[in-house]
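The structure under discussion appears below in the form of C-alpha cells.
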Amino acid sequence: MPPEVLEERLVECRQTYKLNVGNNLTDLPDSITELQAIRILRFKYNQLRRVPSAVSRLPQLLTLELSGNQITRLDSGIAHATTLKELDLSGNLLVELPQSLATLPKLEVLRLENNRLEALPDNIGELPSLTKLDISTNCLRQLPASMGRLKRIQRIDAANNMLVRVPPSMGHLKTIKELNLRYNNLDDKYKAKAEEGLSRLLAFLREEEERERLEEVERLRPIGTAVGPYMEYRCKAEASQQLKTEFGEFNVDNRCWIRTGFSLTQVNNMVYVFGGQLVKDGSVSHELFWMTSERMEWHAQPTRGDRPCGRYGHVAVYDPDHHQLVVFGGRNADKKRLSDVAVLDLDSFTWRRPAVSGTAPSPREGAAAVYHAGHMVVFAGHATGGRTNDLLLLELSGWTWSQPTTSGTAPSPRSCAAITVGNGHHLIIHGGRNNFVLDDMHVLDLLTRTWIDVSPKGMLPPPRHSHMLHMHNDWLYLFGGVNELGASTVSLFKAHISRTAMDRAGALHPAAAGNGGLGPGGLDAADVAGAAVEIEWQELDPELPYNKDRAGVMQQGQLRCYQLGSATLGRTMNEDDAEKGLVYWDVFKTAKLDSFKPKAVAAGSDGEGAARAQGGSTKSSRVQHTTHSAGKMPASFTSNSKKEQKMLAYVRDFQRVFQELYPHRRPMPLTPLNECGVPKFVCTTLRPSLPPFPELHTLEGCAKFVSEFLTYELLEEPLHPPSHMPSPMSVLSWQAADAFDAANVLCSLLLGAGYNAFVVMGYAPLAVSEPVFVEPATGRSVSPTSPDCPYTGVEMIWNAYNAWICMQMPEPHSDSRAVPGSISWELTNPALWEQVLNERQTRSEYARSEMGDGSATGNGTADEQGPEHDLLPDLPPSWVPKLTIPRDMLDMRCPRGSRTTLYKRCVHEIYAGFGECARWDGLVERVTKYADDARHVVVEVREVFARRKDKLKERRSYPQQDAVQEFFLPGRLFAVKSLHTVRGERRTINFYSAARLDGLVCREELVGKKLIERFSGRDDKLEYRSATFGMSLSSSGAAGGGAGLAGDGFGADGSPQQQLGLLGETTAATGAAGGAAAAGAGAGAGQDRALPILKMTEKFGRNPNKPADEDVAKRVFYLDQGKTMLCFQHGEGRLTAGYLVFHKDGQAQAVQVDPLAPRPSARQLLEAYKALQAAEKEVLQHVRDSEWEGREIGRTRSNQEQSIALEAPYYDICRIQADDSDDEPADSEAAAYDYLLPFLPPGMASVGSSAASGSAGSLTREQALAVRERCLLALKDRLIERANIIQARLEEEQAALARRQASYARDRDALTPAEEEEYEHAADEAAFRIGILQRRLARHEEAALQKYYDLDKKLRNDARLAVLLMPV
C-alpha cells in the first residue's frame, strides 16, 4: 500500500477510531501507537508474519482482525490487550497459541479457523467472557478438558479436524447452543450421539465423565485389607503442601491432629472435620479438614468469607438442598458459650453468617442436631444456666428460629445426647448426660409434635453420651460414646423400630390440652396416654480392638471409623506421641452394619448389654478401662516394690504347699490381680483410713455409708472368688462393688476407726433376707451364732495384718462347709486357723499405719537386712493410698445420686439433694406403692422435693383415681399451701391464710358446678363464700353471666314497679351500675370462658358488738331468679332468726323473730336494698377474681413444671458444686479482638500466634500490601458511612423544621395561644437537635482523619506486616 494512502487512513482513523488496511501490508508504521483511542483494527489479507507488538499497547482496542495473513505464532504479549473483545486470526499459519491468551478478561469472539493448529492452550477454559469459538479446519486431534469451564460459551465450531473424542467435561456447558463436530474422525459412539442432537450429546458427555471418574477412583483407590467384616485402609497426610489461592501461595499442614469437641460430618464419600480442641497443646481450632474415601488423604482446606471463630462442643449438619455445612453453638477459646450460626458453602468453601430471625436459642455447647425437611433440628445442650431440654428448629432457607410446642412427656435436660431421624418423621433421642450419664430413649413424632412413650427391653445399652444413632432399613443402630467412667466405648447395639407402632402411638396421644385452669371457667383436658411402644435391643459384636483414639460415623448403612494405627496394616502407634496428641488418624476402616453378628452371651461375658440385661456385674469393663489407662494411675498400682515381690513369692509358695497338703480345698484368693492387672497380697489391699466425718467413726455409720454409697453387684462366678480385687480407692470412685470389694472398703474404714475388723470369705445362698456379721450390701449386722444365720460356711478371713485359713471343715472334700455358728474364732490356735504369716512377719497396727503413709513410693531399707529376712519377708505396707471421701460424695451417698430399693408391692427411691448428681427437678425421695406383687399397677406415688423455687415440697399421686396432691412451703405465689386435684371433677386449694390480705383458708372448686371459699381472721367476720354455676333459666341471666339485680324494679314492658314505693325510684341508676359491674367482672376474669352464676352465698361469724337482729349471718343472691335473701344471727336463747327477702318485681318480705320490735320502714328497706345491690356487685367481682386466680394458679403450675428451677440457700452454697464445665470466665476477661483477622489470607496466623511472637508469618510483600490497603479501605468506608448517617439525620431535622415554620407562617393568624406556645417549644427542640447534629458532624470530620492516621500507624507497627518496612 502506498505510504500516502496509509497516512490518509491513519488521519481518518483519528476521527472514526477504526482502521482498515489491506493489500500486501508487511508491517505497521510506528505511528500507530499514537492512536490511543482506536477501537477497531482490520488488517485482512496482508503479508503480516506476526502480530505487531504495538497492537497490545492500545488501551481501548476492542476488535482485532488479522485473517488472511501469514502469521505463524502469536506472542505472549497479547495478554496486555485486556480490553479486546473480538480476535480474528483465521486463514493464517498458526501452529500453536500461547497460554497467556486465556488471560484476556473481555474476549467474547475468537476465530481460529483455517490454520494449522495441532492443540489449543490447556487453560483456554479460563476465558470468562468467551461466547463464540471457531476452530474449524485445523489439525486438532483433541480438545483441552478445560473447555468444560467456559461459562458463557454459546457456539463452538470444531468441524474439519482430526478429533477422535470430545472432552467429557464439555457436558457441563450450560449456555452452549451450537456445537459443530462434523468432518472429524470421531469414535462411533461420539459420532452417533453428535448426530442425535446437542442435548443428547451433552448428556452422553456427562455420563462419560462420571464413568471416567469412577475408573480413575478405582485406579487410585488404596488397596484395602479385609479384617473380619471391615476393610482397612491407610490414610495419608502431607506435613507441608504448597497451595495456590487468590491471596497467593503458602504452605499448609494436612495432618488432622487428634482433638476433642470437634464435629465430624459425612457427606457422601467425603468427611469434614471442623473445629475442636487439640490434644497436643489445648488450642481451639477453626480449621476445616476433609478426606475422601476414594483417596484416603487428609487435606486442610483454606476457606474464605466470614470465618467463624475457633470452637469446640459445637454441632454441624449437612444441608443437602443447598450443599452447605451449618455450624451452631459451641465454646470459643475463651470458654464462652456461643449461639451463632455459620454456614460453609461446600462448592466454593466460603463462610458466611446468615441474618437469622426469630427467638435465637441461648448460648450452649453439647447440643444434639440433625437435618430434617429443610430444617436443622437442635435439641438440648449445656447453656450458661445449666442443661436444657428445649427443642428448636432453624429453617435453612429463610434462616428463622422457632420453638415448636410439643405434647407428652419430654426428655429431661441433658447435653451430648445422640439424635437421628427415623421413618421419615420420628426424631429419636438417646442418652446424654446431665448430672450423670443417661441411658433413656425418647421419640418425637415431628408431624404431630407428640412425644411417644418407649418401653425398651432386651440387651439395653449402658449409659453413655457423645455417641451416635443411625436408622437403616427399619433398624436403629447405636455405636460408641463415652461411658460412666469417662472411657470411650465401642459397643454396638441395634433395635427394630416399627413405623406402624410409632405412628399409632403418636396418633393416640392428644395434641392439645385444656385452657390451663382448673377453676369453674374451664379445666385442663385429661391426657389420654398412648400405649408405650416396645423396643427390643440386641448387642452386636463390633469386632473392634482397643484403640487410643477413635472417631466414627454411621451413614447409609455403613460404620466408618478413623483410628490411630492398626496391627493388621503394620502401622504401630507411638504411645508417647499419642499421649501428647502428636498423631493424626492414619487408619480408616469401614463395614456394613448388617454384616455384624449378635454378640454371644456366655458365662463370664463382659458384654455391657449382657451384664445389664442379666442384672449382673460390669466389673470386667471397669477393670479393662483402668488397665488401658494404667499410665494415669499411681506407680504402686502398676508395679510391685522389691518387698512386695518377696512377699508374693512367699505367699505363692505357701499356696503351693497348702494345696499339696489339702488337695480337696478350693484355692484361696491370696494374690488376686488389682485393677491394673498386677498381683497383690490381699492384706496389702486393705488401707485403714479415718475420714474426718463423725458419722464414719462408728460401726453403724460405716456400714450404712458403704451399703448406700456402693451399688452391689453379683459375682461373675458365684462359687469362686473374683480374679481381680481392686483397691478400695477405685471402688469408691466407681461406686460399684461385689461382695469382696465392698467388704474391703468397709474393713478399711472400720480398721481406721479402731475396730478389730476382718474380711470373711465364705458361702451363702444367692438371696440373703437377713444380715449376718456386718453385711456391706445392707449395712446391718447380726451374730454368726444366730439360728437364722443364712451363711453356710467360712473359708478364710483377713485384715490389714494377716490372713487366716479356716481348718474347721467337718469333711475332707471341696464341698465341705464350716458352719459359722459352730466355728471357734480363736485365731491363735493353729489347729483351727492356719495363718499365712507368723507373728515376726507382721507389724503392729501403729507401725503399719506409720509406714503406710509412704507406701506408694519407697521399698524401705529392710530389703537389705540379711539372709533371714529373704526367707521370711516382712509384710509390706499397703499399696493403696489413704482413702479420702469428699464432702460432696458423702452428701450424695448413692451411686450416681440415686438408689432404688425393692420391697413387696413397693419401691423406695432416694436421690442426692446436693452436688453434681442432684436431680434437675429437686426430687430427693420417692415411694411407689403397687396393688400387685409384680409391681405393675401403681396405687400411690409419694415424692419429696427440696430446693424448689416454686416451693413444692411433696407430691402425692393416685393414678387409679386420677388425683394429685401437692404441698408447698410458705412463700409461694398466692400463698398456696396445698393443692388437691381430681382431674375433671374437683380441685381443693389450701392457703397460708396469715400471708393473704383476704384471710382465705381454703378454696374448693367443683368443676362446672360450685366454688366454695372459707376464710378466717377477717374484720368483717366473713367465714364462707360460695357460687353455684349452671345454665340460667332466664335469658338475661344466661347472657349476662350474673346480671343479678341489674334488672330489678322493672316489668316485662320496661315500666317501673311501684311495690314499696321507693324501690322504683332508683332502679334505672342501679340497673346501669349493675350492668357495668357485671361487664367489668367479665372483662377482668376472662368472661368469654366463664360459666353463668346462678347463686352466690356468703356466711359471717357473730359480731358481739351488734344486736342479733342487725348482725348479718348469711347473704344469698339468687341471680337467675332475681331474688336476694339477707339472714341475721340467732339471738341468745332463740331457735329462729330474722331475714329479709327482695324480689326483682319490687316486692320485699321481712320476717322478724321479736313480734314487739318495730317493722322496718320503706326507707330502711330501700337502703337495705341498695346495700345488697352494691354487695352483689362486690361479691360477683370476688367470685370472678377467684375464678381468675384459680386459672392463674393452674397456669403458673403448668409453666413451673415446664421450666423447673432450683434455688441455692445461702447456708448450703458451699455444698452445691458447679459442673466441671461451668468455668466460663467473666465478660471483663474477654480476650482482645484481632482487628486484622478478617483481612488476612486463609491459613495465616492470628493475633494469638504470629503477632504475639513477633513473627511476620508467611506473608509476602504483595500480600501484606493488599492486607494493609483492604484494612484502611474498610475503615474509610466505615467513617464515610458514619458521616452519611449523621448528615442524613441533620437534613431530615432541617427539613422537618422548615415544614413546621412554613405551616406556622401560613396559619399564624388562626392559631390559639396554646398552639403558638406548642409551636415555639417544638421549634426550640428542633433547633437544639440540629445544633447537636451539626457539632457531632464537625467533631466526626475532625476525628476521622486522626483515626485514619492512627490505624496506619498501628499497621506499620504490626509484626505481621513488617515485610512492608523491609528494603525492596
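Letters for chains follow the order of the C-alpha cells (A, B, ...), residue numbers begin at 1 for each chain, and ligand numbers begin at 1 in the order shown.
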
Which of segment 69-148 of chain A end up as helix (DSSP H, G or I) when DSSP is run on this backbone - answer as a list of chain:residue names?
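Output for segment 69-148 of chain A, helix (DSSP H, G or I) only: A:Ser76, A:Gly77, A:Ile78, A:Ala79, A:His80, A:Gln99, A:Ser100, A:Leu101, A:Ala102, A:Thr103, A:Ile124, A:Gly125, A:Glu126, A:Ala145, A:Ser146, A:Met147, A:Gly148.
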
When you look at Arg152 of chain A with a cut-off of 8 Å (counting only C-alpha atoms), what residues show up, excluding the ones that are within fewer than 3 positions of it in the same chain? I need them as an mmCIF file with N, CA, C and O atoms, in the first residue's frame.
```
data_model
loop_
_atom_site.group_PDB
_atom_site.id
_atom_site.type_symbol
_atom_site.label_atom_id
_atom_site.label_comp_id
_atom_site.auth_asym_id
_atom_site.auth_seq_id
_atom_site.Cartn_x
_atom_site.Cartn_y
_atom_site.Cartn_z
ATOM 1 N N PRO A 128 -13.230 -15.918 30.680
ATOM 2 C CA PRO A 128 -14.500 -15.771 31.376
ATOM 3 C C PRO A 128 -15.645 -15.260 30.516
ATOM 4 O O PRO A 128 -16.803 -15.477 30.862
ATOM 5 N N SER A 129 -15.346 -14.561 29.413
ATOM 6 C CA SER A 129 -16.398 -13.902 28.634
ATOM 7 C C SER A 129 -16.594 -14.503 27.261
ATOM 8 O O SER A 129 -17.408 -13.999 26.469
ATOM 9 N N LEU A 130 -15.891 -15.539 26.916
ATOM 10 C CA LEU A 130 -15.934 -16.096 25.569
ATOM 11 C C LEU A 130 -17.316 -16.668 25.272
ATOM 12 O O LEU A 130 -17.830 -17.501 26.022
ATOM 13 N N THR A 131 -17.919 -16.215 24.161
ATOM 14 C CA THR A 131 -19.230 -16.710 23.746
ATOM 15 C C THR A 131 -19.181 -17.476 22.425
ATOM 16 O O THR A 131 -20.048 -18.297 22.165
ATOM 17 N N THR A 175 -24.561 -22.957 28.737
ATOM 18 C CA THR A 175 -25.028 -21.906 27.816
ATOM 19 C C THR A 175 -24.829 -22.273 26.358
ATOM 20 O O THR A 175 -25.179 -21.480 25.477
ATOM 21 N N ILE A 176 -24.264 -23.433 26.066
ATOM 22 C CA ILE A 176 -23.961 -23.810 24.682
ATOM 23 C C ILE A 176 -25.245 -23.991 23.877
ATOM 24 O O ILE A 176 -26.216 -24.569 24.344
#
```

Near Leu346 of chain A, within 12 Å and counting only C-alpha atoms, which residues show up once chain neighbours fewer than 4 positions away are dropped, as a list in words?
Val267, Met270, Val271, Tyr272, Leu288, Trp290, Gln301, Pro302, Thr303, Arg304, Tyr318, Asp319, Pro320, Asp321, His322, His323, Gln324, Leu325, Val326, Thr350, Trp351 and Arg352 of chain A

With only C-alpha atoms as the atoms that count, which of A:Phe1239, A:Phe758, A:Phe709, A:Tyr801 lies nearest to Arg899 of chain A?
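Checking each of A:Phe1239, A:Phe758, A:Phe709, A:Tyr801 against Arg899 of chain A, counting only C-alpha atoms, the winner is A:Phe709.
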
Find the spatial neighbours of Asp586 of chain A, counting only C-alpha atoms, within a cut-off of 10 Å - ignore same-chain residues fewer than 3 positions away - and output them as JSON, numbers by chain.
{"A": [233, 234, 235, 236, 237, 255, 256, 296, 297, 298, 562, 563, 564, 565, 566, 571, 573, 583]}

Out of A:Leu93, A:Leu1011, A:Leu62, A:Val533, which residue has the shortest atom-to-atom distance to Val109 of chain A when counting only C-alpha atoms?
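With only C-alpha atoms as the atom set, the closest residue is A:Leu62.
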
Selection near Asn434 of chain A, 9 Å with only C-alpha atoms, sequence-local residues under 5 positions removed, as an MDAnalysis selection string:
chainID A and resid 382 386:387 412:416 916:917 919:920

File dump, residues just selected, N, CA, C and O atoms, as a PDB file, in the first residue's frame:
```pdb
ATOM      1  N   HIS A 382     -25.882 -27.718  76.855  1.00  0.00           N
ATOM      2  CA  HIS A 382     -25.456 -27.150  78.134  1.00  0.00           C
ATOM      3  C   HIS A 382     -25.336 -25.647  77.962  1.00  0.00           C
ATOM      4  O   HIS A 382     -24.396 -25.152  77.355  1.00  0.00           O
ATOM      5  N   GLY A 386     -27.309 -23.853  82.925  1.00  0.00           N
ATOM      6  CA  GLY A 386     -27.454 -25.290  83.160  1.00  0.00           C
ATOM      7  C   GLY A 386     -27.905 -25.975  81.887  1.00  0.00           C
ATOM      8  O   GLY A 386     -28.077 -25.357  80.832  1.00  0.00           O
ATOM      9  N   ARG A 387     -28.107 -27.259  81.972  1.00  0.00           N
ATOM     10  CA  ARG A 387     -28.526 -28.020  80.802  1.00  0.00           C
ATOM     11  C   ARG A 387     -30.010 -27.787  80.511  1.00  0.00           C
ATOM     12  O   ARG A 387     -30.785 -27.519  81.421  1.00  0.00           O
ATOM     13  N   SER A 412     -35.655 -35.235  79.970  1.00  0.00           N
ATOM     14  CA  SER A 412     -35.082 -34.354  80.977  1.00  0.00           C
ATOM     15  C   SER A 412     -33.943 -33.537  80.346  1.00  0.00           C
ATOM     16  O   SER A 412     -33.410 -33.904  79.299  1.00  0.00           O
ATOM     17  N   PRO A 413     -33.560 -32.419  80.960  1.00  0.00           N
ATOM     18  CA  PRO A 413     -32.435 -31.631  80.428  1.00  0.00           C
ATOM     19  C   PRO A 413     -31.174 -32.470  80.353  1.00  0.00           C
ATOM     20  O   PRO A 413     -30.887 -33.269  81.249  1.00  0.00           O
ATOM     21  N   ARG A 414     -30.403 -32.248  79.287  1.00  0.00           N
ATOM     22  CA  ARG A 414     -29.207 -33.053  79.049  1.00  0.00           C
ATOM     23  C   ARG A 414     -28.327 -32.377  78.014  1.00  0.00           C
ATOM     24  O   ARG A 414     -28.722 -31.420  77.356  1.00  0.00           O
ATOM     25  N   SER A 415     -27.146 -32.902  77.848  1.00  0.00           N
ATOM     26  CA  SER A 415     -26.233 -32.477  76.795  1.00  0.00           C
ATOM     27  C   SER A 415     -25.553 -33.709  76.222  1.00  0.00           C
ATOM     28  O   SER A 415     -25.587 -34.795  76.822  1.00  0.00           O
ATOM     29  N   CYS A 416     -24.952 -33.544  75.051  1.00  0.00           N
ATOM     30  CA  CYS A 416     -24.179 -34.611  74.399  1.00  0.00           C
ATOM     31  C   CYS A 416     -25.026 -35.858  74.144  1.00  0.00           C
ATOM     32  O   CYS A 416     -24.538 -36.989  74.249  1.00  0.00           O
ATOM     33  N   GLU A 916     -23.248 -32.606  92.068  1.00  0.00           N
ATOM     34  CA  GLU A 916     -23.432 -32.702  90.634  1.00  0.00           C
ATOM     35  C   GLU A 916     -24.404 -33.805  90.235  1.00  0.00           C
ATOM     36  O   GLU A 916     -24.861 -33.828  89.099  1.00  0.00           O
ATOM     37  N   CYS A 917     -24.742 -34.691  91.148  1.00  0.00           N
ATOM     38  CA  CYS A 917     -25.671 -35.761  90.827  1.00  0.00           C
ATOM     39  C   CYS A 917     -27.086 -35.484  91.334  1.00  0.00           C
ATOM     40  O   CYS A 917     -27.940 -36.366  91.267  1.00  0.00           O
ATOM     41  N   ARG A 919     -30.825 -34.257  91.236  1.00  0.00           N
ATOM     42  CA  ARG A 919     -31.780 -34.254  90.127  1.00  0.00           C
ATOM     43  C   ARG A 919     -32.129 -32.825  89.735  1.00  0.00           C
ATOM     44  O   ARG A 919     -32.194 -31.916  90.553  1.00  0.00           O
ATOM     45  N   TRP A 920     -32.398 -32.662  88.465  1.00  0.00           N
ATOM     46  CA  TRP A 920     -32.715 -31.343  87.926  1.00  0.00           C
ATOM     47  C   TRP A 920     -34.050 -30.816  88.453  1.00  0.00           C
ATOM     48  O   TRP A 920     -34.283 -29.608  88.487  1.00  0.00           O
TER      49      TRP A 920
END
```

Pick from A:Ser620, A:Thr489, A:Thr901, A:Thr928: nearest to Pro462 of chain A, with only C-alpha atoms counted?
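Of all the options, A:Thr489 lies closest to Pro462 of chain A.
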
Which residues are near Phe493 of chain A? Cut-off 7 Å, only C-alpha atoms, ignore same chain within fewer than 4 positions. Put them as a list in words.
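With the cut-off at 7 Å, the set is Pro461, Tyr477, Leu478, Phe479, Trp537, Gln538, Glu539 and Leu540 of chain A.
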
Include C-alpha atoms and write out the residues we just selected as a short mmCIF file (atom, residue, chain, number, x, y, z; two decimals), in the first residue's frame.
```
data_model
loop_
_atom_site.label_atom_id
_atom_site.label_comp_id
_atom_site.auth_asym_id
_atom_site.auth_seq_id
_atom_site.Cartn_x
_atom_site.Cartn_y
_atom_site.Cartn_z
CA PRO A 461 -27.23 -50.19 76.03
CA TYR A 477 -28.14 -48.66 65.36
CA LEU A 478 -26.28 -47.23 68.37
CA PHE A 479 -22.49 -47.05 68.43
CA TRP A 537 -32.29 -54.05 71.88
CA GLN A 538 -29.70 -56.53 70.65
CA GLU A 539 -25.98 -56.23 71.29
CA LEU A 540 -23.78 -56.80 68.25
#
```

Atom CA of Ala1322 of chain A to atom CA of Ala1296 of chain A, straight-line distance in Å:
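Spanning atom CA of Ala1296 of chain A to atom CA of Ala1322 of chain A is a straight-line distance of 10.7 Å.
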
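Shortest separation to Thr685 of chain A among A:Gly793, A:Pro876, A:Pro820, A:Gly171 occurs at residue A:Pro876, atoms counted being only C-alpha atoms.
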
Counting only C-alpha atoms, give me one row per residue of segment 294-377 of chain A with an atom at most 12 Å from an atom of segment 439-458 of chain A, showing the shortest contact pair and its distance in Å to one decimal, sorted by chain then residue number, as CSV.
```
residue,atom,partner,partner_atom,distance
A:His372,CA,A:Leu446,CA,9.5
A:Ala373,CA,A:Leu446,CA,10.3
A:His375,CA,A:Leu446,CA,11.7
A:Val377,CA,A:Leu446,CA,10.3
```

Limited to N, CA and C atoms, could you put the picked residues into a file as a CSV table (one decimal), in the first residue's frame?
```csv
chain,number,residue,atom,x,y,z
A,372,HIS,N,-33.6,-32.2,58.9
A,372,HIS,CA,-34.9,-32.8,58.6
A,372,HIS,C,-35.7,-31.8,57.9
A,373,ALA,N,-36.1,-32.2,56.6
A,373,ALA,CA,-37.1,-31.4,55.8
A,373,ALA,C,-36.8,-29.9,55.8
A,375,HIS,N,-34.8,-28.2,57.6
A,375,HIS,CA,-34.6,-27.5,58.9
A,375,HIS,C,-33.4,-28.2,59.6
A,377,VAL,N,-32.7,-29.4,63.2
A,377,VAL,CA,-33.4,-29.6,64.5
A,377,VAL,C,-32.3,-29.7,65.6
```
